[in-house]
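Visitor: My structure is in model_37.tsv, and what it holds is TSV, C-alpha atoms:
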```tsv
chain	number	residue	atom	x	y	z
J	28	MET	CA	69.86	-1.33	73.29
J	29	GLU	CA	70.56	-3.35	70.17
J	30	LYS	CA	71.19	-1.67	66.83
J	31	TYR	CA	67.59	-1.97	65.76
J	32	VAL	CA	66.19	-0.72	62.48
J	33	PHE	CA	63.06	1.26	63.33
J	34	GLY	CA	60.35	2.07	60.83
J	35	PHE	CA	58.24	5.17	61.47
J	36	ILE	CA	54.97	5.86	59.74
J	37	GLY	CA	54.32	9.46	60.72
J	38	LEU	CA	56.72	11.97	62.22
J	39	GLY	CA	54.48	14.44	63.99
J	40	LEU	CA	54.71	15.58	67.60
J	41	ILE	CA	54.67	12.11	69.18
J	42	GLY	CA	56.31	10.19	66.34
J	43	GLY	CA	59.09	12.75	66.14
J	44	SER	CA	59.57	12.75	69.91
J	45	VAL	CA	59.80	8.95	70.04
J	46	ALA	CA	62.27	8.91	67.12
J	47	LYS	CA	64.42	11.58	68.77
J	48	ALA	CA	64.36	9.70	72.08
J	49	LEU	CA	65.44	6.48	70.33
J	50	LYS	CA	68.33	8.26	68.60
J	51	GLN	CA	69.34	9.88	71.86
J	52	ALA	CA	69.36	6.52	73.66
J	53	ASN	CA	71.06	4.67	70.81
J	54	PRO	CA	72.73	6.85	68.15
J	55	GLU	CA	73.71	3.71	66.21
J	56	CYS	CA	70.13	2.69	65.48
J	57	THR	CA	68.70	3.21	62.01
J	58	ILE	CA	65.43	5.06	61.46
J	59	ILE	CA	63.47	4.71	58.24
J	60	ALA	CA	60.52	7.06	58.06
J	61	TYR	CA	57.55	8.04	55.95
J	62	ASP	CA	55.34	11.08	56.40
J	63	LYS	CA	52.95	12.56	53.86
J	64	ASP	CA	54.33	15.93	54.94
J	65	THR	CA	57.64	15.88	53.09
J	66	SER	CA	58.86	18.96	54.96
J	67	ALA	CA	58.69	16.95	58.20
J	68	LEU	CA	60.87	14.26	56.61
J	69	ASP	CA	63.33	16.85	55.35
J	70	PHE	CA	63.47	18.38	58.82
J	71	ALA	CA	64.09	14.95	60.40
J	72	VAL	CA	66.88	14.22	57.93
J	73	SER	CA	68.57	17.56	58.63
J	74	ASP	CA	68.21	16.80	62.35
J	75	ASN	CA	70.08	13.50	61.81
J	76	ILE	CA	67.04	11.67	63.17
J	77	CYS	CA	65.78	10.07	59.98
J	78	ASP	CA	68.48	8.03	58.25
J	79	ILE	CA	66.39	6.83	55.31
J	80	PRO	CA	63.39	8.91	54.17
J	81	ALA	CA	60.74	7.01	52.22
J	82	SER	CA	58.39	8.47	49.63
J	83	CYS	CA	55.84	5.71	50.26
J	84	ILE	CA	55.38	2.57	52.34
J	85	ASP	CA	57.20	-0.04	50.27
J	86	ASP	CA	60.20	-2.37	50.40
J	87	THR	CA	62.28	0.50	51.78
J	88	PHE	CA	60.93	-0.69	55.15
J	89	SER	CA	61.65	-4.39	54.60
J	90	SER	CA	64.69	-4.37	56.92
J	91	CYS	CA	62.81	-2.93	59.91
J	92	ASP	CA	62.82	-4.81	63.20
J	93	ILE	CA	60.13	-2.65	64.80
J	94	PHE	CA	57.45	-0.51	63.19
J	95	PHE	CA	55.99	2.54	64.96
J	96	LEU	CA	52.62	3.69	63.65
J	97	CYS	CA	52.45	7.37	64.62
J	98	THR	CA	49.56	8.82	62.64
J	99	PRO	CA	45.95	9.44	63.80
J	100	VAL	CA	44.23	6.21	64.85
J	101	ASP	CA	42.01	5.93	61.76
J	102	TYR	CA	45.08	6.10	59.53
J	103	ASN	CA	47.14	3.71	61.66
J	104	ALA	CA	44.60	0.96	61.08
J	105	GLY	CA	44.89	1.47	57.32
J	106	TYR	CA	48.69	1.45	57.34
J	107	LEU	CA	48.68	-1.96	59.05
J	108	LYS	CA	47.58	-3.55	55.80
J	109	GLN	CA	50.52	-2.03	53.92
J	110	ILE	CA	53.05	-3.08	56.55
J	111	GLN	CA	51.66	-6.60	56.58
J	112	ASN	CA	52.97	-7.18	53.06
J	113	ILE	CA	56.51	-5.86	53.55
J	114	ARG	CA	57.59	-6.70	57.10
J	115	LYS	CA	60.27	-9.35	57.58
J	116	PRO	CA	59.73	-12.45	59.76
J	117	GLY	CA	60.38	-11.77	63.43
J	118	SER	CA	59.62	-8.06	63.22
J	119	PHE	CA	56.75	-6.57	65.16
J	120	ILE	CA	54.45	-3.55	65.04
J	121	THR	CA	53.42	-1.04	67.67
J	122	ASP	CA	51.53	2.25	67.59
J	123	VAL	CA	51.24	5.40	69.69
J	124	GLY	CA	47.49	6.01	69.40
J	125	SER	CA	45.44	7.26	72.33
J	126	VAL	CA	42.58	4.82	71.59
J	127	LYS	CA	43.34	1.11	71.40
J	128	LYS	CA	40.12	-0.74	70.48
J	129	VAL	CA	40.12	0.30	66.81
J	130	ILE	CA	43.70	-0.75	66.13
J	131	HIS	CA	43.34	-4.02	68.06
J	132	ASP	CA	40.16	-4.88	66.13
J	133	THR	CA	42.04	-4.29	62.86
J	134	VAL	CA	44.97	-6.40	64.08
J	135	ARG	CA	42.60	-9.28	64.79
J	136	SER	CA	40.90	-8.95	61.40
J	137	LEU	CA	44.29	-9.06	59.63
J	138	LYS	CA	45.52	-11.95	61.81
J	139	LEU	CA	48.51	-9.94	63.03
J	140	GLU	CA	48.00	-10.75	66.70
J	141	ASN	CA	51.32	-12.58	66.95
J	142	CYS	CA	53.31	-9.46	66.01
J	143	PHE	CA	51.43	-6.48	67.47
J	144	ILE	CA	51.83	-4.62	70.76
J	145	GLY	CA	49.67	-1.55	71.22
J	146	GLY	CA	51.41	1.47	72.70
J	147	HIS	CA	50.51	4.89	74.03
J	148	PRO	CA	53.07	7.33	75.46
J	149	MET	CA	51.11	9.41	77.99
J	150	ALA	CA	52.66	12.69	76.97
J	151	GLY	CA	51.56	15.52	74.78
J	152	SER	CA	51.48	19.20	74.04
J	153	GLU	CA	49.09	21.80	72.72
J	154	ASN	CA	51.55	22.14	69.82
J	155	THR	CA	51.63	19.79	66.85
J	156	GLY	CA	54.03	18.62	64.14
J	157	TYR	CA	57.61	17.46	63.95
J	158	ALA	CA	58.92	20.96	64.61
J	159	SER	CA	57.40	20.76	68.12
J	160	SER	CA	58.75	17.27	68.86
J	161	ASN	CA	61.28	16.85	71.62
J	162	ALA	CA	62.88	13.78	73.21
J	163	GLY	CA	62.36	15.44	76.60
J	164	LEU	CA	58.59	15.34	76.03
J	165	LEU	CA	58.66	11.64	76.95
J	166	GLU	CA	60.89	11.92	79.99
J	167	ASN	CA	59.28	10.17	82.99
J	168	ALA	CA	56.02	9.73	81.08
J	169	TYR	CA	53.95	6.60	81.55
J	170	TYR	CA	54.01	4.56	78.34
J	171	ILE	CA	51.11	2.12	78.24
J	172	LEU	CA	51.57	-1.15	76.36
J	173	THR	CA	48.60	-3.25	75.31
J	174	PRO	CA	49.98	-6.52	73.91
J	175	THR	CA	47.68	-9.01	72.22
J	176	GLN	CA	47.24	-12.40	73.88
J	177	ALA	CA	49.05	-14.10	71.00
J	178	VAL	CA	52.19	-11.96	70.83
J	179	PRO	CA	55.31	-13.75	72.19
J	180	GLN	CA	56.47	-12.57	75.61
J	181	SER	CA	59.97	-12.06	74.20
J	182	LEU	CA	58.67	-9.29	71.93
J	183	VAL	CA	56.83	-7.65	74.81
J	184	ASP	CA	60.03	-7.80	76.86
J	185	ASN	CA	61.99	-6.19	74.01
J	186	LEU	CA	59.60	-3.28	73.69
J	187	PHE	CA	59.35	-2.93	77.48
J	188	TYR	CA	63.13	-2.57	77.63
J	189	ILE	CA	63.25	-0.07	74.76
J	190	ILE	CA	60.58	2.09	76.40
J	191	LYS	CA	62.60	2.18	79.62
J	192	GLU	CA	65.74	3.08	77.70
J	193	ILE	CA	64.11	6.19	76.22
J	194	GLY	CA	63.23	7.44	79.69
J	195	CYS	CA	59.59	6.38	79.91
J	196	ILE	CA	57.82	4.27	82.52
J	197	PRO	CA	56.23	1.27	80.77
J	198	ILE	CA	53.02	-0.16	82.16
J	199	ILE	CA	51.04	-3.07	80.70
J	200	MET	CA	47.25	-3.30	80.59
J	201	SER	CA	44.46	-4.52	78.34
J	202	GLU	CA	43.18	-2.34	75.52
J	203	GLU	CA	39.78	-2.23	77.25
J	204	LYS	CA	41.22	-0.83	80.46
J	205	HIS	CA	43.42	1.59	78.54
J	206	ASP	CA	40.47	3.13	76.70
J	207	SER	CA	38.52	3.53	79.93
J	208	VAL	CA	41.42	5.15	81.80
J	209	THR	CA	42.31	7.56	78.99
J	210	ALA	CA	38.66	8.53	78.52
J	211	ALA	CA	38.70	9.76	82.12
J	212	ILE	CA	42.09	11.43	82.49
J	213	SER	CA	42.76	12.64	78.94
J	214	HIS	CA	39.74	12.67	76.65
J	215	LEU	CA	37.23	14.15	79.12
J	216	PRO	CA	39.56	17.02	80.16
J	217	HIS	CA	40.01	17.93	76.51
J	218	MET	CA	36.23	18.05	76.06
J	219	ALA	CA	35.99	20.29	79.12
J	220	ALA	CA	38.67	22.62	77.75
J	221	TYR	CA	37.02	22.92	74.34
J	222	THR	CA	33.66	23.54	76.03
J	223	LEU	CA	35.03	26.28	78.28
J	224	VAL	CA	36.70	28.09	75.39
J	225	ASN	CA	33.57	27.96	73.23
J	226	LEU	CA	31.41	29.07	76.16
J	227	ILE	CA	33.54	32.17	76.69
J	228	LYS	CA	33.61	32.81	72.94
J	229	GLU	CA	29.81	32.74	72.81
J	230	ARG	CA	29.28	34.78	76.00
J	231	ASP	CA	31.93	37.42	75.38
J	232	ASP	CA	30.89	40.97	74.55
J	233	ALA	CA	31.59	42.96	71.39
J	234	ASP	CA	34.78	44.36	72.94
J	235	SER	CA	36.12	40.82	73.63
J	236	THR	CA	36.56	41.74	77.29
J	237	MET	CA	36.64	38.13	78.51
J	238	LYS	CA	39.24	37.20	75.93
J	239	MET	CA	41.34	40.24	76.81
J	240	ILE	CA	41.49	39.57	80.54
J	241	ALA	CA	41.67	35.76	80.37
J	242	ALA	CA	44.30	35.11	83.03
J	243	GLY	CA	46.83	32.44	83.89
J	244	GLY	CA	44.27	30.16	85.49
J	245	PHE	CA	41.89	30.12	82.53
J	246	LYS	CA	44.71	29.81	80.02
J	247	ASP	CA	46.31	26.94	81.92
J	248	ILE	CA	43.02	25.06	82.21
J	249	THR	CA	42.18	25.50	78.53
J	250	ARG	CA	45.67	25.27	77.00
J	251	ILE	CA	44.90	21.83	75.56
J	252	ALA	CA	42.04	23.29	73.50
J	253	SER	CA	44.81	24.30	71.08
J	254	SER	CA	45.38	20.62	70.24
J	255	SER	CA	44.70	19.13	66.80
J	256	PRO	CA	40.97	19.34	65.88
J	257	VAL	CA	41.35	16.42	63.46
J	258	MET	CA	42.82	14.15	66.13
J	259	TRP	CA	40.09	14.97	68.65
J	260	GLN	CA	37.35	14.59	66.07
J	261	GLN	CA	38.62	11.05	65.49
J	262	ILE	CA	39.04	10.24	69.19
J	263	CYS	CA	35.40	11.21	69.85
J	264	GLY	CA	34.33	8.55	67.38
J	265	GLU	CA	36.86	5.89	68.33
J	266	ASN	CA	36.31	6.02	72.08
J	267	LYS	CA	32.70	7.18	71.90
J	268	ASP	CA	31.07	4.87	74.46
J	269	LYS	CA	33.63	5.26	77.22
J	270	LEU	CA	33.96	9.01	76.66
J	271	LEU	CA	30.18	9.50	76.79
J	272	SER	CA	29.99	7.48	80.01
J	273	PHE	CA	32.48	9.81	81.71
J	274	MET	CA	30.87	12.91	80.18
J	275	ASP	CA	27.52	11.85	81.65
J	276	ALA	CA	29.17	11.38	85.05
J	277	TYR	CA	30.84	14.79	84.72
J	278	ILE	CA	27.53	16.48	83.88
J	279	LYS	CA	25.97	14.91	86.99
J	280	GLU	CA	28.92	16.10	89.07
J	281	LEU	CA	28.44	19.65	87.76
J	282	SER	CA	24.73	19.40	88.54
J	283	ARG	CA	25.44	18.43	92.15
J	284	LEU	CA	27.84	21.34	92.46
J	285	SER	CA	25.29	23.68	90.86
J	286	ASP	CA	22.63	22.56	93.34
J	287	ALA	CA	24.96	23.16	96.28
J	288	ILE	CA	25.73	26.68	95.05
J	289	SER	CA	22.05	27.39	94.39
J	290	ASN	CA	21.08	26.18	97.88
J	291	GLU	CA	24.03	28.01	99.49
J	292	ASN	CA	25.16	24.75	101.07
J	293	LYS	CA	28.42	26.15	102.45
J	294	THR	CA	29.38	23.01	104.37
J	295	TYR	CA	29.00	20.83	101.27
J	296	LEU	CA	30.94	23.31	99.12
J	297	TYR	CA	33.81	23.59	101.59
J	298	HIS	CA	34.28	19.84	101.86
J	299	TYR	CA	33.79	19.40	98.13
J	300	PHE	CA	36.60	21.85	97.35
J	301	LEU	CA	38.77	20.55	100.21
J	302	ASN	CA	38.51	16.92	99.07
J	303	ALA	CA	39.36	17.93	95.50
J	304	LYS	CA	42.32	20.03	96.69
J	305	ASN	CA	43.70	17.23	98.87
J	306	TYR	CA	43.38	14.67	96.08
J	307	ARG	CA	44.92	17.02	93.50
J	308	ASP	CA	47.79	17.88	95.85
J	309	SER	CA	48.58	14.17	96.12
J	310	PHE	CA	49.35	13.92	92.39
J	311	ASN	CA	52.96	13.24	91.48
J	312	ASP	CA	54.12	16.20	89.39
J	313	ILE	CA	57.33	14.40	88.42
J	314	ILE	CA	55.44	12.11	86.06
J	315	SER	CA	54.51	13.51	82.68
J	316	GLY	CA	51.03	13.04	81.32
J	317	PRO	CA	48.83	13.42	78.26
J	318	ILE	CA	48.27	17.02	79.33
J	319	SER	CA	51.82	18.20	79.33
J	320	ARG	CA	53.30	20.02	82.29
J	321	SER	CA	54.23	23.66	81.86
J	322	TYR	CA	57.74	24.46	83.12
J	323	HIS	CA	57.58	28.13	83.98
J	324	LEU	CA	58.30	30.73	86.60
J	325	THR	CA	57.39	34.35	87.14
J	326	VAL	CA	59.76	37.09	88.26
J	327	SER	CA	59.15	40.47	89.85
J	328	ILE	CA	61.29	42.94	87.93
J	329	PRO	CA	61.75	46.70	87.94
J	330	ASP	CA	60.22	48.75	85.14
J	331	GLU	CA	63.40	49.67	83.31
J	332	THR	CA	64.57	49.71	79.71
J	333	GLY	CA	66.26	46.52	78.49
J	334	ILE	CA	65.31	44.34	81.48
J	335	ILE	CA	63.95	41.49	79.31
J	336	ALA	CA	67.08	41.51	77.17
J	337	LYS	CA	69.17	41.50	80.34
J	338	ILE	CA	67.46	38.41	81.74
J	339	SER	CA	67.49	36.66	78.37
J	340	GLY	CA	71.20	37.35	78.12
J	341	MET	CA	71.79	35.77	81.55
J	342	PHE	CA	70.09	32.59	80.36
J	343	ALA	CA	71.95	32.55	77.03
J	344	LYS	CA	75.25	32.90	78.88
J	345	ASN	CA	74.36	29.77	80.88
J	346	ASN	CA	73.11	27.83	77.81
J	347	ILE	CA	69.51	27.80	79.04
J	348	ASN	CA	66.96	27.59	76.23
J	349	LEU	CA	63.75	29.58	76.60
J	350	LYS	CA	60.43	28.41	75.20
J	351	ASN	CA	58.62	31.69	75.77
J	352	ILE	CA	58.96	34.96	77.68
J	353	GLY	CA	56.48	37.76	78.19
J	354	ILE	CA	54.96	40.38	80.45
J	355	VAL	CA	52.09	39.33	82.71
J	356	HIS	CA	49.39	41.90	82.07
J	357	ASN	CA	46.76	40.14	84.16
J	358	ARG	CA	48.07	39.20	87.58
J	359	GLU	CA	45.45	36.63	88.60
J	360	PHE	CA	47.27	33.52	89.88
J	361	GLU	CA	50.61	35.03	88.85
J	362	GLU	CA	52.75	36.74	91.49
J	363	GLY	CA	55.49	38.05	89.22
J	364	VAL	CA	55.31	40.38	86.25
J	365	LEU	CA	57.59	38.52	83.83
J	366	ARG	CA	56.54	34.99	82.87
J	367	ILE	CA	59.28	32.73	81.52
J	368	GLU	CA	58.58	29.26	80.13
J	369	PHE	CA	61.12	26.49	79.50
J	370	TYR	CA	61.14	23.25	77.54
J	371	ASP	CA	61.90	20.92	80.44
J	372	GLU	CA	62.35	20.66	84.19
J	373	HIS	CA	66.15	20.69	83.97
J	374	SER	CA	66.15	24.09	82.23
J	375	LEU	CA	63.68	25.43	84.79
J	376	LYS	CA	65.92	24.37	87.68
J	377	GLN	CA	68.97	25.91	85.97
J	378	ALA	CA	67.08	29.18	85.49
J	379	ILE	CA	66.01	29.28	89.13
J	380	SER	CA	69.62	28.75	90.18
J	381	VAL	CA	70.80	31.62	87.95
J	382	LEU	CA	68.05	34.00	89.08
J	383	LYS	CA	68.68	33.31	92.77
J	384	GLU	CA	71.96	35.17	92.39
J	385	THR	CA	70.08	38.33	91.38
J	386	GLU	CA	67.96	40.81	93.30
J	387	TYR	CA	64.80	39.66	91.53
J	388	THR	CA	62.03	37.78	93.37
J	389	ILE	CA	61.16	34.41	91.82
J	390	TYR	CA	57.82	32.62	92.03
J	391	THR	CA	57.35	28.98	91.03
J	392	LYS	CA	54.49	26.52	91.30
```
Can I see the file as structure tokens?
Guide:
Amino acid sequence: MEKYVFGFIGLGLIGGSVAKALKQANPECTIIAYDKDTSALDFAVSDNICDIPASCIDDTFSSCDIFFLCTPVDYNAGYLKQIQNIRKPGSFITDVGSVKKVIHDTVRSLKLENCFIGGHPMAGSENTGYASSNAGLLENAYYILTPTQAVPQSLVDNLFYIIKEIGCIPIIMSEEKHDSVTAAISHLPHMAAYTLVNLIKERDDADSTMKMIAAGGFKDITRIASSSPVMWQQICGENKDKLLSFMDAYIKELSRLSDAISNENKTYLYHYFLNAKNYRDSFNDIISGPISRSYHLTVSIPDETGIIAKISGMFAKNNINLKNIGIVHNREFEEGVLRIEFYDEHSLKQAISVLKETEYTIYTK
């Protein structure tokens, strides 16, 4: 990778992760960044990720070869106008937004089609902010590029190469196709998660029994309901038509399932669940996605004082970083009694290797 100068507008979860991945792939690159949250900038500087912090979008960015717009989609469109006046000839702009029509419409209105390539790394987390960013978040993730028809192929090739260098899998498609695909596999599941959580909230009793016994399955399905409310409020407006189309189809699918249950159609139900299981089992778990994979295991342990500290110490001795560790109080879908979560697949595999040398029983999914 060349010694590019990258300009970042926004250093949240995705912006920070992309910046970290670029620095990891090419430590000699220069990153100039702006974020309205000055603490995020300070953090990035102390991390040696941001080389030049900017207090506003001005000539500080004039040397940038590539601009990454990494704020919510509504804001990205506004920042285009500011970049237009300071970018040098030959530079180009990309974004990381999960909806592409809005930004492409703005690009056309500003006549920036010859220097814009839409982008969307298909990775994410229920956590937000620079503090949660991680270069490993992008590892093996599809990274969709939506170039305009007027942008030179050489610029597309440059970005394609950079995306591969940071460990992602670039794929090119139109902005129209992108918005349809993400409405189905990202936006709709988030709506389902929010709906499930609010349903349980409304139906729970005064003792919060449902909340108390919510088990691994429910928490895994609804984990993404902890995502940014502001971001999802915007996405609902920006991808409204395609999202509503899939929501209507989903409601009809639920109605068919409801009818089958009501009519006790056991044959239909069996094949319905079997077909879904077979299709789900065919998914490639190696590839990351907009709903991030959870790297965890559970362990059966004896009830003895200091056991958690003992296991944590084993991992520390082997330089294995833990994301979370806790007792499984509700055993539905969880075989072990100690649940340990890691930041990436490599750490998970290391942990399994370490634990296999003990008398504990390990369960993974």
Visitor: Report, in Å with one decimal, the straight-line distance from atom CA of Lys47 of chain J to atom CA of Gly34 of chain J.
Guide: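 Here the two named atoms are 13.0 Å from each other.
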Visitor: Nearest residue to Ala336 of chain J out of J:Leu182, J:Leu365, J:Ala219, J:Cys263, using all atoms listed in the file?
Guide: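 Nearest to Ala336 of chain J: J:Leu365.
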Visitor: Got a sec: who's within 12 Å of Ile262 of chain J, counting only C-alpha atoms, leaving out chain neighbours fewer than 6 positions off, as number ranges by chain?
Guide: J: 99-101, 124-129, 206, 209-210, 213-215, 217-218, 255-256, 268-271
Visitor: Choose the residue, out of J:Lys30, J:His147, J:Lys204, J:Lys383, that has the smallest atom-to-atom separation from Pro54 of chain J; count only C-alpha atoms.
Guide: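 Checking each candidate against Pro54 of chain J, we get J:Lys30 as the closest.
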Visitor: Which residues come within 10 Å of segment 339-344 of chain J, counting only C-alpha atoms, excluding same-chain residues fewer than 3 positions away, as a PyMOL selection string?
Guide: chain J and resi 333-336+347-349+352+367+374+377-378+381-382
Visitor: Go ahead and write the selection's residues with C-alpha atoms as a compact mmCIF listing (two decimals), in the frame of the given file.
Guide:
```txt
# COMPACT_ATOMS: atom_id res chain seq x y z
CA GLY J 333 66.26 46.52 78.49
CA ILE J 334 65.31 44.34 81.48
CA ILE J 335 63.95 41.49 79.31
CA ALA J 336 67.08 41.51 77.17
CA ILE J 347 69.51 27.80 79.04
CA ASN J 348 66.96 27.59 76.23
CA LEU J 349 63.75 29.58 76.60
CA ILE J 352 58.96 34.96 77.68
CA ILE J 367 59.28 32.73 81.52
CA SER J 374 66.15 24.09 82.23
CA GLN J 377 68.97 25.91 85.97
CA ALA J 378 67.08 29.18 85.49
CA VAL J 381 70.80 31.62 87.95
CA LEU J 382 68.05 34.00 89.08
```
Visitor: Which is closest to Ser136 of chain J among J:Thr222, J:Ala104, J:Thr87, J:Asn351, if we use only C-alpha atoms?
Guide: J:Ala104
Visitor: Build an axis-aligned box that encloses every atom of segment 209-219 of chain J listed in the file, pad it by 5 Å on each side, and report its centre and edge lengths in Å to one decimal, as AutoDock Vina command-line options.
Guide:
```
--center_x 39.4 --center_y 13.9 --center_z 79.3 --size_x 16.8 --size_y 22.7 --size_z 16.4
```
Visitor: Please provide the set of residues having any atom within 6 Å of segment 322-329 of chain J, restricted to all atoms listed in the file, with same-chain residues fewer than 4 positions apart removed, written as a PyMOL selection string.
Guide: chain J and resi 363-369+387-391
Visitor: Fewer than 3 positions away in the same chain doesn't count, so skip those; otherwise give me all residues within 8 Å of Val224 of chain J, counting all atoms listed in the file, as a PyMOL selection string.
Guide: chain J and resi 220-221+227-228+249+252
Visitor: Just give me the gap between atom CA of Glu229 of chain J and atom CA of Phe245 of chain J in Å, one decimal is fine.
Guide: 15.7 Å
Visitor: What is the distance, in Å and to one decimal place, between atom CA of Cys56 of chain J and atom CA of Leu164 of chain J?
Guide: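 Between atom CA of Cys56 of chain J and atom CA of Leu164 of chain J the gap is 20.1 Å.
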Visitor: May I have the residues within 9 Å of segment 110-116 of chain J as a ChimeraX atom specification, using only C-alpha atoms and disregarding those fewer than 5 positions away in the same chain?
Guide: /J:84-92,94,137,139
Visitor: With distances taken over all atoms listed in the file, which of J:Val134, J:Ile198, J:Met274, J:Ile93 is nearest to Glu29 of chain J?
Guide: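 Residue with the minimum atom-to-atom distance to Glu29 of chain J: J:Ile93.
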Visitor: With N, CA, C and O atoms as the target, complete segment 294-311 of chain J and hand it back as an mmCIF file, in the frame of the given file.
Guide:
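The file below, result39.cif, is the result:
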```
data_model
loop_
_atom_site.group_PDB
_atom_site.id
_atom_site.type_symbol
_atom_site.label_atom_id
_atom_site.label_comp_id
_atom_site.auth_asym_id
_atom_site.auth_seq_id
_atom_site.Cartn_x
_atom_site.Cartn_y
_atom_site.Cartn_z
ATOM 1 N N THR J 294 28.660 24.160 103.824
ATOM 2 C CA THR J 294 29.380 23.010 104.370
ATOM 3 C C THR J 294 29.751 22.035 103.254
ATOM 4 O O THR J 294 30.888 21.568 103.144
ATOM 5 N N TYR J 295 28.760 21.735 102.393
ATOM 6 C CA TYR J 295 29.000 20.830 101.270
ATOM 7 C C TYR J 295 30.089 21.392 100.359
ATOM 8 O O TYR J 295 31.011 20.675 99.954
ATOM 9 N N LEU J 296 29.984 22.687 100.027
ATOM 10 C CA LEU J 296 30.940 23.310 99.120
ATOM 11 C C LEU J 296 32.357 23.277 99.681
ATOM 12 O O LEU J 296 33.317 22.964 98.968
ATOM 13 N N TYR J 297 32.482 23.580 100.973
ATOM 14 C CA TYR J 297 33.810 23.590 101.590
ATOM 15 C C TYR J 297 34.459 22.212 101.488
ATOM 16 O O TYR J 297 35.613 22.082 101.063
ATOM 17 N N HIS J 298 33.714 21.188 101.881
ATOM 18 C CA HIS J 298 34.280 19.840 101.860
ATOM 19 C C HIS J 298 34.489 19.339 100.426
ATOM 20 O O HIS J 298 35.436 18.587 100.157
ATOM 21 N N TYR J 299 33.633 19.769 99.526
ATOM 22 C CA TYR J 299 33.790 19.400 98.130
ATOM 23 C C TYR J 299 35.111 19.934 97.580
ATOM 24 O O TYR J 299 35.896 19.211 96.966
ATOM 25 N N PHE J 300 35.355 21.227 97.828
ATOM 26 C CA PHE J 300 36.600 21.850 97.350
ATOM 27 C C PHE J 300 37.814 21.312 98.099
ATOM 28 O O PHE J 300 38.877 21.106 97.511
ATOM 29 N N LEU J 301 37.661 21.065 99.416
ATOM 30 C CA LEU J 301 38.770 20.550 100.210
ATOM 31 C C LEU J 301 39.181 19.155 99.747
ATOM 32 O O LEU J 301 40.376 18.857 99.599
ATOM 33 N N ASN J 302 38.203 18.280 99.516
ATOM 34 C CA ASN J 302 38.510 16.920 99.070
ATOM 35 C C ASN J 302 39.208 16.936 97.711
ATOM 36 O O ASN J 302 40.158 16.183 97.479
ATOM 37 N N ALA J 303 38.731 17.822 96.820
ATOM 38 C CA ALA J 303 39.360 17.930 95.500
ATOM 39 C C ALA J 303 40.786 18.454 95.635
ATOM 40 O O ALA J 303 41.716 17.959 94.981
ATOM 41 N N LYS J 304 40.982 19.454 96.474
ATOM 42 C CA LYS J 304 42.320 20.030 96.690
ATOM 43 C C LYS J 304 43.274 18.977 97.234
ATOM 44 O O LYS J 304 44.403 18.827 96.747
ATOM 45 N N ASN J 305 42.829 18.233 98.243
ATOM 46 C CA ASN J 305 43.700 17.230 98.870
ATOM 47 C C ASN J 305 44.083 16.139 97.867
ATOM 48 O O ASN J 305 45.231 15.690 97.825
ATOM 49 N N TYR J 306 43.105 15.716 97.062
ATOM 50 C CA TYR J 306 43.380 14.670 96.080
ATOM 51 C C TYR J 306 44.319 15.193 94.998
ATOM 52 O O TYR J 306 45.279 14.530 94.601
ATOM 53 N N ARG J 307 44.050 16.418 94.528
ATOM 54 C CA ARG J 307 44.920 17.020 93.500
ATOM 55 C C ARG J 307 46.332 17.236 94.027
ATOM 56 O O ARG J 307 47.313 17.009 93.307
ATOM 57 N N ASP J 308 46.457 17.647 95.278
ATOM 58 C CA ASP J 308 47.790 17.880 95.850
ATOM 59 C C ASP J 308 48.587 16.595 96.007
ATOM 60 O O ASP J 308 49.809 16.631 96.164
ATOM 61 N N SER J 309 47.883 15.450 95.967
ATOM 62 C CA SER J 309 48.580 14.170 96.120
ATOM 63 C C SER J 309 49.141 13.655 94.796
ATOM 64 O O SER J 309 49.855 12.662 94.766
ATOM 65 N N PHE J 310 48.829 14.348 93.686
ATOM 66 C CA PHE J 310 49.350 13.920 92.390
ATOM 67 C C PHE J 310 50.857 14.080 92.369
ATOM 68 O O PHE J 310 51.402 15.009 92.951
ATOM 69 N N ASN J 311 51.513 13.184 91.615
ATOM 70 C CA ASN J 311 52.960 13.240 91.480
ATOM 71 C C ASN J 311 53.307 14.092 90.265
ATOM 72 O O ASN J 311 53.126 13.683 89.123
#
```
